[in-house]
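What follows is one structure encoded as structure tokens, with my remarks underneath.
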Amino acid sequence: MPTQYQLSQKAYIKVILHAAKHPSQSVNGVLIGTASKENDTVEIHDAVPLFHGQLALAPMLEVALMQVDAHCSSINQAIVGYYHANERFDDYVLPSVGKKIADRVYANCQGACALLVDNAKLRSVTTSEPEVALKVYTKETKAWIEEASSVLKLTDSACLGRLTKMLQEDQQDKLHDFSNHLDDLQHDWLNPDILK
Amino acid sequence: MAKGSKIQQVKDLEERFLQGDTTSTNIVKYLTLVRDQKLRRSLEVSHYGKLILDAGLLLEEELWLVHEQVCTAALDCQDMALALKCIKKLRERFPNSIRVGRLRGMALESQGQFDDAVALYDRLIEKCTSPNANLIKRKIVCEKARGNTAAAIEALNEYLTNFMADVDAWAELGDLYIENEMYKQAAYCFEELVLAAPHNYLHHLKYAEILYTMPGSPPERADNLRTARKYYAAAVQLTDGKSVRALYGLWASCRELSELKSQLTPEDETELEELSAEQLIQMYENLCPSKVQFVKQMVAK
């Protein structure tokens, strides 16, 4: 029985807003939540957007992960996943740099997943019939394998409509990733008010 | 910093537009600033640019620059109707223009018709008496857009043998190498950029980041970290200690080096790790108190 992932409204919305804010670049981030003891269920409560554009350099990534870890400890949760959106529309592969970061997350959490934004389904996100625009990968022996989308469930399907509205109002401009934070410390990478 | 204030002017104008203050003076000022600063604000440029073109108030010298600018922005937003309208007007005014031809190629690209775009660029290149940098670069972009990174890298290398002063191209090549985890080659590109503009801290930063990321044997790693530390320190100096990235990078390269115990020499002893940590904590206390704890935990020995 493959691991079941429950994705909160907050996490899903942040991932897609991050991708929408930078339409011509790759973006990535990590997922925060709790994994059950046997790793058969993982609850993803939140997403922390990290970088856009250049994702393959180590130093700021390491600084970011250390601080996200500290945040997780303070709320008794862990980094349970990684998300990635590719730069090109027709690119449906989790790239090597994404797999490397996902591997690091997996080293600390064996139930970890990697989510890849599904560009084809992104189109539907601002229509009246939005789909969940994500592909799910899990680690099988040494490789990241795409799972059936049924392993990922939204805890609240009303978030699809909410996301549509937020995108129509250009709310993605209010989301700040770790890179934005490095440029201006007043930008909060936890984005506590994004859903208000 | 002069550049910072120009960006602020752009943001201020965008605020004004949202409040309905869309006078033609403001729009023209906005479009000029965006052109000069080479910003990518395609939604705003296509929307407000269209307004000003429809109003028909622009003089000849600006009119065609704006047509070109709005066309590129419209293509970025997939507003094909607006883009093709601009191209049509430009073609009427400048028949047989290579510059307009480039826009026609970009329109093909934005529809995914890369073969047709490349064929058009090749025809235009033949009409030129000397190598045309913009057309050659468009062909490279087509390779990149199709996911042919290896071909894009090869073509960019060839381009740079003829146009070695093109700093944007060096930066693009460097980024392509980084994405492909070819760190030595990326480092070479950024060395060129540091040489070309030694006062630009951004190149020092990126060069340091590449060196930090580069895998290698412990002695290689130690040397790379020492060099990274130097370039981060230079970036800190160039920014008067205000760049958070430079400070974090300086701290991280000192910390990382100190963990390679077998490679350390007496000369590696430095206060830079503590000084950068202190500076960061100070900045967080002033500007981001909610995260000071995380920084303190990170830098604790």
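Labeling convention for the structure tokens: chains A, B, ... as they appear, residues from 1 per chain, ligands from 1 in order of appearance.
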
Residues at most 12 Å from Ala70 in chain A, counting only C-alpha atoms, excluding those fewer than 2 positions away in the same chain, as a count of residues only?
-> 24

Given a cut-off of 8 Å, which residues of chain B touch chain A, counting only C-alpha atoms, written out as a short mmCIF file (atom, residue, chain, number, x, y, z; two decimals) with all heavy atoms, in the first residue's frame?
data_model
loop_
_atom_site.label_atom_id
_atom_site.label_comp_id
_atom_site.auth_asym_id
_atom_site.auth_seq_id
_atom_site.Cartn_x
_atom_site.Cartn_y
_atom_site.Cartn_z
N ALA B 145 14.63 26.86 -25.66
CA ALA B 145 13.19 26.70 -25.46
C ALA B 145 12.73 25.30 -25.81
O ALA B 145 11.73 24.82 -25.29
CB ALA B 145 12.43 27.74 -26.29
N GLY B 147 14.47 22.74 -25.16
CA GLY B 147 15.08 21.82 -24.20
C GLY B 147 16.38 21.22 -24.69
O GLY B 147 16.93 20.32 -24.08
N ASP B 175 24.85 30.43 -16.44
CA ASP B 175 23.64 29.85 -15.85
C ASP B 175 23.30 28.49 -16.45
O ASP B 175 22.90 27.57 -15.74
CB ASP B 175 22.45 30.81 -16.03
CG ASP B 175 22.41 31.86 -14.93
OD1 ASP B 175 22.96 31.60 -13.84
OD2 ASP B 175 21.84 32.95 -15.15
N ILE B 178 25.56 25.98 -14.92
CA ILE B 178 25.17 25.67 -13.53
C ILE B 178 24.01 24.69 -13.53
O ILE B 178 24.03 23.67 -12.82
CB ILE B 178 24.78 26.94 -12.74
CG1 ILE B 178 25.97 27.87 -12.58
CG2 ILE B 178 24.25 26.55 -11.35
CD1 ILE B 178 25.61 29.23 -12.00
N GLU B 179 23.00 24.97 -14.35
CA GLU B 179 21.82 24.08 -14.40
C GLU B 179 22.21 22.66 -14.78
O GLU B 179 21.55 21.71 -14.39
CB GLU B 179 20.81 24.59 -15.43
CG GLU B 179 19.91 25.68 -14.90
CD GLU B 179 19.24 26.45 -16.02
OE1 GLU B 179 18.91 25.83 -17.06
OE2 GLU B 179 19.05 27.66 -15.85
N GLU B 181 25.00 21.29 -13.97
CA GLU B 181 25.99 20.85 -12.98
C GLU B 181 27.41 20.79 -13.55
O GLU B 181 28.23 19.98 -13.11
CB GLU B 181 25.57 19.50 -12.38
CG GLU B 181 24.24 19.63 -11.62
CD GLU B 181 23.57 18.31 -11.31
OE1 GLU B 181 22.80 17.81 -12.16
OE2 GLU B 181 23.82 17.78 -10.23
N GLU B 209 29.38 31.36 -5.05
CA GLU B 209 28.39 30.30 -4.89
C GLU B 209 28.74 29.07 -5.72
O GLU B 209 28.54 27.94 -5.29
CB GLU B 209 27.00 30.82 -5.26
CG GLU B 209 26.58 32.00 -4.40
CD GLU B 209 25.08 32.13 -4.21
OE1 GLU B 209 24.35 31.95 -5.20
OE2 GLU B 209 24.66 32.41 -3.08
N ILE B 210 29.26 29.31 -6.93
CA ILE B 210 29.66 28.19 -7.78
C ILE B 210 30.80 27.41 -7.12
O ILE B 210 30.78 26.17 -7.07
CB ILE B 210 30.09 28.68 -9.17
CG1 ILE B 210 28.90 29.29 -9.91
CG2 ILE B 210 30.67 27.55 -10.01
CD1 ILE B 210 29.30 30.10 -11.13
N TYR B 212 31.57 27.22 -4.01
CA TYR B 212 31.06 26.53 -2.82
C TYR B 212 30.34 25.24 -3.21
O TYR B 212 30.42 24.23 -2.54
CB TYR B 212 30.10 27.48 -2.08
CG TYR B 212 29.55 26.97 -0.78
CD1 TYR B 212 29.94 27.54 0.43
CD2 TYR B 212 28.60 25.95 -0.74
CE1 TYR B 212 29.41 27.10 1.63
CE2 TYR B 212 28.08 25.51 0.47
CZ TYR B 212 28.48 26.08 1.64
OH TYR B 212 27.94 25.65 2.84
N THR B 213 29.58 25.32 -4.33
CA THR B 213 28.76 24.19 -4.76
C THR B 213 29.57 23.08 -5.42
O THR B 213 29.18 21.91 -5.38
CB THR B 213 27.68 24.67 -5.76
OG1 THR B 213 27.02 25.81 -5.22
CG2 THR B 213 26.65 23.60 -6.06
N SER B 243 24.62 43.45 2.18
CA SER B 243 24.03 42.35 1.43
C SER B 243 23.91 41.11 2.31
O SER B 243 24.91 40.54 2.73
CB SER B 243 24.88 42.02 0.20
OG SER B 243 24.54 40.74 -0.30
N VAL B 244 22.67 40.68 2.53
CA VAL B 244 22.42 39.52 3.38
C VAL B 244 23.01 38.26 2.75
O VAL B 244 23.60 37.42 3.42
CB VAL B 244 20.90 39.36 3.62
CG1 VAL B 244 20.59 38.08 4.38
CG2 VAL B 244 20.35 40.56 4.37
N ARG B 245 22.87 38.15 1.43
CA ARG B 245 23.42 36.98 0.73
C ARG B 245 24.93 36.88 0.93
O ARG B 245 25.45 35.80 1.18
CB ARG B 245 23.17 37.10 -0.77
CG ARG B 245 21.88 36.54 -1.25
CD ARG B 245 21.74 36.78 -2.74
NE ARG B 245 20.39 37.17 -3.03
CZ ARG B 245 19.43 36.30 -3.35
NH1 ARG B 245 19.69 35.02 -3.44
NH2 ARG B 245 18.21 36.73 -3.57
N TYR B 248 25.67 35.84 4.58
CA TYR B 248 25.38 34.42 4.78
C TYR B 248 26.45 33.57 4.09
O TYR B 248 26.91 32.56 4.62
CB TYR B 248 24.01 34.06 4.20
CG TYR B 248 22.84 34.14 5.16
CD1 TYR B 248 21.65 34.74 4.78
CD2 TYR B 248 22.91 33.57 6.42
CE1 TYR B 248 20.57 34.80 5.64
CE2 TYR B 248 21.82 33.62 7.29
CZ TYR B 248 20.66 34.24 6.89
OH TYR B 248 19.57 34.30 7.74
N GLY B 249 26.80 33.98 2.86
CA GLY B 249 27.79 33.23 2.09
C GLY B 249 29.14 33.23 2.79
O GLY B 249 29.82 32.20 2.87
N ALA B 252 28.83 30.95 5.79
CA ALA B 252 28.72 29.54 5.39
C ALA B 252 30.05 29.00 4.89
O ALA B 252 30.43 27.86 5.22
CB ALA B 252 27.65 29.38 4.31
N TYR B 284 18.88 41.12 11.56
CA TYR B 284 17.62 40.44 11.82
C TYR B 284 16.89 41.09 13.00
O TYR B 284 15.67 41.24 12.99
CB TYR B 284 17.84 38.94 12.08
CG TYR B 284 17.77 38.11 10.82
CD1 TYR B 284 18.85 38.02 9.95
CD2 TYR B 284 16.61 37.43 10.48
CE1 TYR B 284 18.79 37.28 8.79
CE2 TYR B 284 16.53 36.67 9.33
CZ TYR B 284 17.62 36.60 8.48
OH TYR B 284 17.55 35.86 7.33
N LEU B 287 15.33 44.20 11.43
CA LEU B 287 14.39 44.10 10.33
C LEU B 287 13.50 42.85 10.34
O LEU B 287 12.48 42.82 9.68
CB LEU B 287 15.16 44.13 9.00
CG LEU B 287 15.90 45.43 8.73
CD1 LEU B 287 16.90 45.27 7.60
CD2 LEU B 287 14.92 46.54 8.40
N CYS B 288 13.90 41.80 11.05
CA CYS B 288 13.12 40.57 11.00
C CYS B 288 13.21 39.83 12.33
O CYS B 288 13.70 38.71 12.40
CB CYS B 288 13.63 39.70 9.85
SG CYS B 288 12.61 38.24 9.55
N PHE B 294 16.10 31.65 14.71
CA PHE B 294 16.56 30.65 13.75
C PHE B 294 18.00 30.94 13.33
O PHE B 294 18.81 30.03 13.16
CB PHE B 294 15.67 30.62 12.51
CG PHE B 294 14.23 30.31 12.79
CD1 PHE B 294 13.23 30.73 11.93
CD2 PHE B 294 13.85 29.60 13.92
CE1 PHE B 294 11.90 30.45 12.19
CE2 PHE B 294 12.52 29.31 14.19
CZ PHE B 294 11.54 29.74 13.31
N VAL B 295 18.30 32.22 13.14
CA VAL B 295 19.66 32.58 12.74
C VAL B 295 20.64 32.25 13.86
O VAL B 295 21.69 31.67 13.63
CB VAL B 295 19.75 34.08 12.38
CG1 VAL B 295 21.15 34.46 11.96
CG2 VAL B 295 18.78 34.42 11.27
N GLN B 297 20.31 30.00 16.18
CA GLN B 297 20.49 28.54 16.28
C GLN B 297 21.44 28.06 15.19
O GLN B 297 22.26 27.18 15.41
CB GLN B 297 19.14 27.84 16.09
CG GLN B 297 18.29 27.83 17.35
CD GLN B 297 16.91 27.24 17.08
OE1 GLN B 297 15.95 27.95 16.83
NE2 GLN B 297 16.84 25.93 17.12
N MET B 298 21.30 28.64 14.00
CA MET B 298 22.13 28.22 12.87
C MET B 298 23.61 28.51 13.12
O MET B 298 24.46 27.68 12.85
CB MET B 298 21.66 28.95 11.62
CG MET B 298 22.24 28.42 10.33
SD MET B 298 21.71 29.41 8.93
CE MET B 298 22.84 30.78 9.01
#

Counting only C-alpha atoms, what is within 12 Å of range 93-100 of chain B, bar same-chain residues fewer than 6 positions away, as a ChimeraX atom specification?
-> /B:60,63-65,67-69,71-72,83-84,86-87,106-107,120-129,132-135,138

List every residue of range 16-193 of chain A that DSSP, applied to the backbone, labels as alpha helix (DSSP H), and write the result as JSON, numbers by chain.
-> {"A": [16, 17, 18, 19, 20, 21, 58, 59, 60, 61, 62, 63, 64, 65, 66, 67, 68, 69, 70, 71, 72, 73, 74, 96, 97, 98, 99, 100, 101, 102, 103, 104, 105, 106, 107, 108, 119, 120, 121, 122, 158, 159, 160, 161, 162, 163, 164, 165, 166, 167, 168, 178, 179, 180, 181, 182, 183]}

Could I get the residues of range 86-120 of chain A with an atom no further than 6 Å from an atom of range 133-157 of chain A, each paired with its nearest atom pair and that distance in Å to one decimal, using only C-alpha atoms, sorted by chain and residue number, as a Markdown table?
| residue | atom | partner | partner_atom | distance |
| --- | --- | --- | --- | --- |
| A:Cys113 | CA | A:Thr138 | CA | 4.9 |
| A:Ala114 | CA | A:Tyr137 | CA | 5.0 |
| A:Leu115 | CA | A:Val136 | CA | 4.8 |
| A:Leu116 | CA | A:Lys135 | CA | 5.0 |
| A:Val117 | CA | A:Leu134 | CA | 4.6 |
| A:Asp118 | CA | A:Leu134 | CA | 4.8 |

Students should find that CA of Leu167 in chain A and CA of Gly98 in chain A are spaced 25.6 Å

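Comparing the minimum interatomic distances between Leu195 in chain A and each of A:His22, A:His52, A:Arg104, A:Lys10, counting only C-alpha atoms, we find that A:Lys10 sits nearest.
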
Which polymer residues have any atom within 9 Å of an atom of Cys77 in chain B, counting only C-alpha atoms, with same-chain residues fewer than 4 positions away left out, as a PyMOL selection string?
-> chain B and resi 42-43+46+72-73

Output all heavy atoms of each residue in that selection to a file, as a PDB file, in the first residue's frame.
ATOM      1  N   SER B  42       5.876  42.416 -18.371  1.00  0.00           N
ATOM      2  CA  SER B  42       5.116  42.259 -19.607  1.00  0.00           C
ATOM      3  C   SER B  42       3.625  42.546 -19.477  1.00  0.00           C
ATOM      4  O   SER B  42       3.030  43.121 -20.386  1.00  0.00           O
ATOM      5  CB  SER B  42       5.353  40.865 -20.172  1.00  0.00           C
ATOM      6  OG  SER B  42       6.742  40.704 -20.394  1.00  0.00           O
ATOM      7  N   LEU B  43       3.027  42.158 -18.351  1.00  0.00           N
ATOM      8  CA  LEU B  43       1.582  42.412 -18.208  1.00  0.00           C
ATOM      9  C   LEU B  43       1.298  43.911 -18.227  1.00  0.00           C
ATOM     10  O   LEU B  43       0.399  44.377 -18.925  1.00  0.00           O
ATOM     11  CB  LEU B  43       1.062  41.817 -16.899  1.00  0.00           C
ATOM     12  CG  LEU B  43       0.806  40.298 -16.907  1.00  0.00           C
ATOM     13  CD1 LEU B  43       0.516  39.800 -15.506  1.00  0.00           C
ATOM     14  CD2 LEU B  43      -0.333  39.945 -17.834  1.00  0.00           C
ATOM     15  N   SER B  46       2.229  45.596 -21.740  1.00  0.00           N
ATOM     16  CA  SER B  46       1.279  45.345 -22.828  1.00  0.00           C
ATOM     17  C   SER B  46      -0.040  46.064 -22.545  1.00  0.00           C
ATOM     18  O   SER B  46      -0.623  46.663 -23.456  1.00  0.00           O
ATOM     19  CB  SER B  46       1.066  43.857 -23.070  1.00  0.00           C
ATOM     20  OG  SER B  46       0.754  43.187 -21.885  1.00  0.00           O
ATOM     21  N   THR B  72       6.889  42.878 -27.863  1.00  0.00           N
ATOM     22  CA  THR B  72       7.618  41.867 -27.090  1.00  0.00           C
ATOM     23  C   THR B  72       6.845  41.512 -25.822  1.00  0.00           C
ATOM     24  O   THR B  72       6.734  40.336 -25.458  1.00  0.00           O
ATOM     25  CB  THR B  72       9.020  42.374 -26.684  1.00  0.00           C
ATOM     26  OG1 THR B  72       9.466  43.300 -27.648  1.00  0.00           O
ATOM     27  CG2 THR B  72       9.997  41.241 -26.597  1.00  0.00           C
ATOM     28  N   ALA B  73       6.286  42.538 -25.152  1.00  0.00           N
ATOM     29  CA  ALA B  73       5.526  42.285 -23.930  1.00  0.00           C
ATOM     30  C   ALA B  73       4.282  41.461 -24.227  1.00  0.00           C
ATOM     31  O   ALA B  73       3.940  40.527 -23.496  1.00  0.00           O
ATOM     32  CB  ALA B  73       5.137  43.612 -23.278  1.00  0.00           C
TER      33      ALA B  73
END

Test item, strand (DSSP E or B) assignment across range 68-126 of chain A, answer as a list in words |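 Those in range 68-126 of chain A that DSSP calls strand (DSSP E or B) are Ala78, Ile79, Val80, Gly81, Tyr82, Tyr83, His84, Ala85, Cys113, Ala114, Leu115, Leu116 and Val117 of chain A.
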
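Close contacts of Ala277 in chain B, defined as residues with an atom at most 7 Å away when counting only C-alpha atoms, with chain neighbours fewer than 3 positions off set aside, comprise B:Trp251, B:Glu273, B:Glu274, B:Leu280, B:Ile281, B:Val299.
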
Can you write just those residues out, N, CA and C atoms, as a CSV table (one decimal), in the first residue's frame?
chain,number,residue,atom,x,y,z
B,251,TRP,N,29.7,33.7,6.0
B,251,TRP,CA,29.5,32.8,7.2
B,251,TRP,C,29.6,31.3,6.8
B,273,GLU,N,34.0,34.4,10.4
B,273,GLU,CA,32.7,33.6,10.7
B,273,GLU,C,31.9,34.3,11.8
B,274,GLU,N,32.6,34.7,12.9
B,274,GLU,CA,31.9,35.4,14.0
B,274,GLU,C,31.4,36.8,13.6
B,280,LEU,N,24.8,39.6,10.8
B,280,LEU,CA,23.5,39.1,10.4
B,280,LEU,C,22.4,39.2,11.6
B,281,ILE,N,22.9,38.8,12.8
B,281,ILE,CA,22.0,38.8,13.9
B,281,ILE,C,21.5,40.3,14.2
B,299,VAL,N,23.9,29.7,13.6
B,299,VAL,CA,25.3,30.1,13.8
B,299,VAL,C,26.0,29.6,15.1

Closest of B:Leu247, B:Leu173, B:Leu264, B:Leu58 to Glu158 in chain B - atom-to-atom distances counting only C-alpha atoms = B:Leu173

Quick one: pull the distance between CA of Met80 in chain B and CA of Gln171 in chain A, Å, one decimal.
->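 Interatomic distance here is 25.1 Å.
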
Min atom-atom distance to Ala222 in chain B from the set B:Ile7, B:Leu160, B:Cys254, B:Leu75, counting only C-alpha atoms, belongs to B:Cys254

Near Lys29 in chain B, counting only C-alpha atoms, which residues have an atom at most 12 Å away, once you skip same-chain residues fewer than 3 positions from it, shown as a PyMOL selection string?
-> chain B and resi 6+9-10+12-14+22-26+32-36+45+48-49+52+62+66

For Phe190 in chain B, list every protein, DNA or RNA residue within 10 Å, evaluated using only C-alpha atoms, and leave out those in the same chain fewer than 5 positions away; present the list as a PDB file with N, CA, C and O atoms, in the first residue's frame.
ATOM      1  N   VAL B 167      28.388  40.658 -22.142  1.00  0.00           N
ATOM      2  CA  VAL B 167      28.312  40.152 -20.763  1.00  0.00           C
ATOM      3  C   VAL B 167      27.024  39.369 -20.498  1.00  0.00           C
ATOM      4  O   VAL B 167      27.021  38.405 -19.738  1.00  0.00           O
ATOM      5  N   TRP B 170      27.644  35.856 -21.571  1.00  0.00           N
ATOM      6  CA  TRP B 170      28.484  35.128 -20.617  1.00  0.00           C
ATOM      7  C   TRP B 170      27.658  34.683 -19.408  1.00  0.00           C
ATOM      8  O   TRP B 170      27.777  33.554 -18.929  1.00  0.00           O
ATOM      9  N   ALA B 171      26.781  35.576 -18.935  1.00  0.00           N
ATOM     10  CA  ALA B 171      25.945  35.242 -17.778  1.00  0.00           C
ATOM     11  C   ALA B 171      24.973  34.118 -18.128  1.00  0.00           C
ATOM     12  O   ALA B 171      24.761  33.184 -17.340  1.00  0.00           O
ATOM     13  N   LEU B 173      25.373  31.818 -20.457  1.00  0.00           N
ATOM     14  CA  LEU B 173      26.132  30.576 -20.592  1.00  0.00           C
ATOM     15  C   LEU B 173      26.479  30.016 -19.222  1.00  0.00           C
ATOM     16  O   LEU B 173      26.333  28.819 -18.953  1.00  0.00           O
ATOM     17  N   GLY B 174      26.902  30.923 -18.315  1.00  0.00           N
ATOM     18  CA  GLY B 174      27.217  30.494 -16.952  1.00  0.00           C
ATOM     19  C   GLY B 174      26.028  29.821 -16.284  1.00  0.00           C
ATOM     20  O   GLY B 174      26.147  28.765 -15.654  1.00  0.00           O
ATOM     21  N   ASP B 175      24.847  30.427 -16.442  1.00  0.00           N
ATOM     22  CA  ASP B 175      23.636  29.848 -15.846  1.00  0.00           C
ATOM     23  C   ASP B 175      23.299  28.492 -16.452  1.00  0.00           C
ATOM     24  O   ASP B 175      22.897  27.571 -15.735  1.00  0.00           O
ATOM     25  N   GLN B 185      33.043  24.833 -15.771  1.00  0.00           N
ATOM     26  CA  GLN B 185      32.786  25.681 -16.934  1.00  0.00           C
ATOM     27  C   GLN B 185      32.014  26.929 -16.506  1.00  0.00           C
ATOM     28  O   GLN B 185      32.263  28.027 -17.002  1.00  0.00           O
ATOM     29  N   LEU B 195      35.952  39.892 -14.170  1.00  0.00           N
ATOM     30  CA  LEU B 195      36.980  40.704 -14.832  1.00  0.00           C
ATOM     31  C   LEU B 195      36.369  41.880 -15.578  1.00  0.00           C
ATOM     32  O   LEU B 195      36.907  42.978 -15.569  1.00  0.00           O
ATOM     33  N   ALA B 196      35.224  41.614 -16.216  1.00  0.00           N
ATOM     34  CA  ALA B 196      34.600  42.658 -17.027  1.00  0.00           C
ATOM     35  C   ALA B 196      34.021  43.774 -16.166  1.00  0.00           C
ATOM     36  O   ALA B 196      33.998  44.928 -16.567  1.00  0.00           O
ATOM     37  N   HIS B 203      28.378  39.509  -9.481  1.00  0.00           N
ATOM     38  CA  HIS B 203      29.213  38.504 -10.123  1.00  0.00           C
ATOM     39  C   HIS B 203      30.140  37.836  -9.113  1.00  0.00           C
ATOM     40  O   HIS B 203      30.380  36.633  -9.167  1.00  0.00           O
ATOM     41  N   HIS B 204      30.651  38.635  -8.170  1.00  0.00           N
ATOM     42  CA  HIS B 204      31.483  38.055  -7.099  1.00  0.00           C
ATOM     43  C   HIS B 204      30.678  37.007  -6.328  1.00  0.00           C
ATOM     44  O   HIS B 204      31.159  35.926  -6.009  1.00  0.00           O
ATOM     45  N   LEU B 205      29.422  37.369  -6.037  1.00  0.00           N
ATOM     46  CA  LEU B 205      28.536  36.476  -5.284  1.00  0.00           C
ATOM     47  C   LEU B 205      28.344  35.152  -6.015  1.00  0.00           C
ATOM     48  O   LEU B 205      28.495  34.083  -5.443  1.00  0.00           O
ATOM     49  N   LYS B 206      27.989  35.269  -7.281  1.00  0.00           N
ATOM     50  CA  LYS B 206      27.674  34.060  -8.044  1.00  0.00           C
ATOM     51  C   LYS B 206      28.917  33.183  -8.183  1.00  0.00           C
ATOM     52  O   LYS B 206      28.830  31.966  -8.074  1.00  0.00           O
ATOM     53  N   TYR B 207      30.052  33.817  -8.415  1.00  0.00           N
ATOM     54  CA  TYR B 207      31.300  33.075  -8.547  1.00  0.00           C
ATOM     55  C   TYR B 207      31.572  32.306  -7.262  1.00  0.00           C
ATOM     56  O   TYR B 207      31.893  31.116  -7.276  1.00  0.00           O
ATOM     57  N   ALA B 208      31.392  32.993  -6.123  1.00  0.00           N
ATOM     58  CA  ALA B 208      31.604  32.341  -4.824  1.00  0.00           C
ATOM     59  C   ALA B 208      30.639  31.168  -4.656  1.00  0.00           C
ATOM     60  O   ALA B 208      31.017  30.092  -4.183  1.00  0.00           O
ATOM     61  N   ILE B 210      29.265  29.306  -6.930  1.00  0.00           N
ATOM     62  CA  ILE B 210      29.660  28.188  -7.779  1.00  0.00           C
ATOM     63  C   ILE B 210      30.797  27.410  -7.120  1.00  0.00           C
ATOM     64  O   ILE B 210      30.781  26.172  -7.066  1.00  0.00           O
TER      65      ILE B 210
END
